[in-house]
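Participant: Structure provided below as structure tokens; questions to follow.
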Amino acid sequence: MIDRILDRLRDRYGPPSVHRRLAPLDELVLTILSQNTSDTNCERAYASMRARFPEWSDVRDADTADLEEALRPGGLARQKAPRIQAVLRELSADGGRPRLGWAAELAPADAMARLESLPGVGPKTASCVLLFSLDVPVMPVDTHVGRVARRLGLIPERMADGPAHAALTALVPDARMLEAHLLLITHGRRICVARRPRCGECPLLDLCPYGPSALGVAAAGGPSHLRLARGQEG
């Protein structure tokens, strides 16, 4: 079923554009900055930080207040600045520069475990580093991927995001992992949105257990799509 889903999404949206390819440490920090903010603000914060602190050792050793100021365009700078510095200190505990090249030398499960042992790094951030920077076939589950996968019945409705990473990684073919991640995000942003999903326009409607019930309830004059969406995501 997953191949049918991906084929239809690719037919609707076209092949995903080439995703950014950054060094693992750059991807790690950028993903931390992306938490609870827009892509635009995340990129602004990242550019501001790198302009002011060109080397990762500069970021690590900066006065935290100065780093917060550089990160302010991305929001939540007070939380993210000390988190990033804690990660960089952990990655340079041997006294050298912060480095993350070792992730490429480990088995995927070991790399995931070690990345998740870093301060404030969860499965989504760890998966982004492995998939985007190192071509390791693991599925990062953000809010869009999780919502679409639950509505399609690919994972149980109440499965938490942590276990969802492993479940979707096992479900999606390795060769389509990045494509799947990007297509599910696109679908979650354009049609399978959190509030008032446009189920009548969905290319997956006949494969989806959520859509027909949502359309049926709406046609019957029952609870709105908004209430139904909230209930499903409960």
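Scheme for the structure tokens: letters A, B, ... for chains in order shown; per-chain residue numbers from 1; ligand numbers from 1 in order shown.
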Could you pull the residues within 10 Å of Ala45 in chain A, counting only C-alpha atoms, minus those fewer than 2 positions along the same chain, as a PyMOL selection string?
Facilitator: chain A and resi 30+33-34+39-43+47-51+68-75+77
Participant: Residues as selected, C-alpha atoms, written as a tab-separated table (two decimals), in the first residue's frame, can you do that?
Facilitator:
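Written out: again_13.tsv:
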```tsv
chain	number	residue	atom	x	y	z
A	30	LEU	CA	19.56	23.61	11.92
A	33	LEU	CA	16.57	25.69	15.37
A	34	SER	CA	13.59	24.50	13.30
A	39	ASP	CA	11.33	27.45	7.91
A	40	THR	CA	11.92	31.10	7.05
A	41	ASN	CA	12.62	32.15	10.63
A	42	CYS	CA	14.78	29.08	11.21
A	43	GLU	CA	16.94	29.91	8.21
A	47	ALA	CA	22.34	32.60	8.93
A	48	SER	CA	22.57	35.18	11.71
A	49	MET	CA	24.37	32.74	14.00
A	50	ARG	CA	26.89	31.63	11.37
A	51	ALA	CA	27.61	35.22	10.33
A	68	GLU	CA	20.60	34.29	22.10
A	69	GLU	CA	20.73	37.66	20.37
A	70	ALA	CA	21.98	36.07	17.15
A	71	LEU	CA	19.22	33.45	17.29
A	72	ARG	CA	16.41	35.86	18.11
A	73	PRO	CA	14.99	35.91	14.53
A	74	GLY	CA	14.05	32.24	14.93
A	75	GLY	CA	12.19	32.53	18.22
A	77	ALA	CA	16.31	31.86	21.55
```
Participant: Taking into account only C-alpha atoms, which residue in the set A:Tyr46, A:Ser17, A:Arg89, A:Ile155 is nearest to Leu171 in chain A?
Facilitator: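 Using only C-alpha atoms, Leu171 in chain A sits closest to A:Ile155.
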Participant: Might you pull out every residue within 8 Å of range 176-183 of chain A, with only C-alpha atoms counted and same-chain residues fewer than 5 positions away left off, and present them as a list of chain:residue names?
Facilitator: A:Leu6, A:Leu9, A:Arg10, A:Tyr13, A:Pro15, A:Pro16, A:Leu131, A:Phe132, A:Pro137, A:Val138, A:Met139, A:Pro140, A:Val141, A:Val145, A:Thr169
Participant: Can those selected residues be exported to a file as a tab-separated table (two decimals), in the first residue's frame so that it contains C-alpha atoms?
Facilitator:
```tsv
chain	number	residue	atom	x	y	z
A	6	LEU	CA	3.70	7.43	-2.74
A	9	LEU	CA	1.36	11.67	-4.19
A	10	ARG	CA	4.20	11.93	-6.70
A	13	TYR	CA	2.78	16.99	-6.56
A	15	PRO	CA	8.92	14.43	-7.75
A	16	PRO	CA	10.17	16.26	-4.64
A	131	LEU	CA	18.50	10.86	6.39
A	132	PHE	CA	19.41	14.30	5.05
A	137	PRO	CA	17.06	5.35	5.39
A	138	VAL	CA	15.21	6.41	8.54
A	139	MET	CA	11.94	8.35	8.67
A	140	PRO	CA	11.80	11.68	10.51
A	141	VAL	CA	8.27	12.13	11.83
A	145	VAL	CA	4.14	13.15	8.53
A	169	THR	CA	11.03	3.40	8.89
```
Participant: Using only C-alpha atoms, which of A:Ala65, A:Val148, A:Ala113, A:Leu76 sits nearest Val193 in chain A?
Facilitator: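 Looking at the shortest contact to Val193 in chain A, the residue is A:Val148.
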Participant: Quick one: everything within 7 Å of Arg99 in chain A, counting only C-alpha atoms, minus sequence neighbours fewer than 3 positions away in the same chain. Send it as a ChimeraX atom specification.
Facilitator: /A:25,91-92
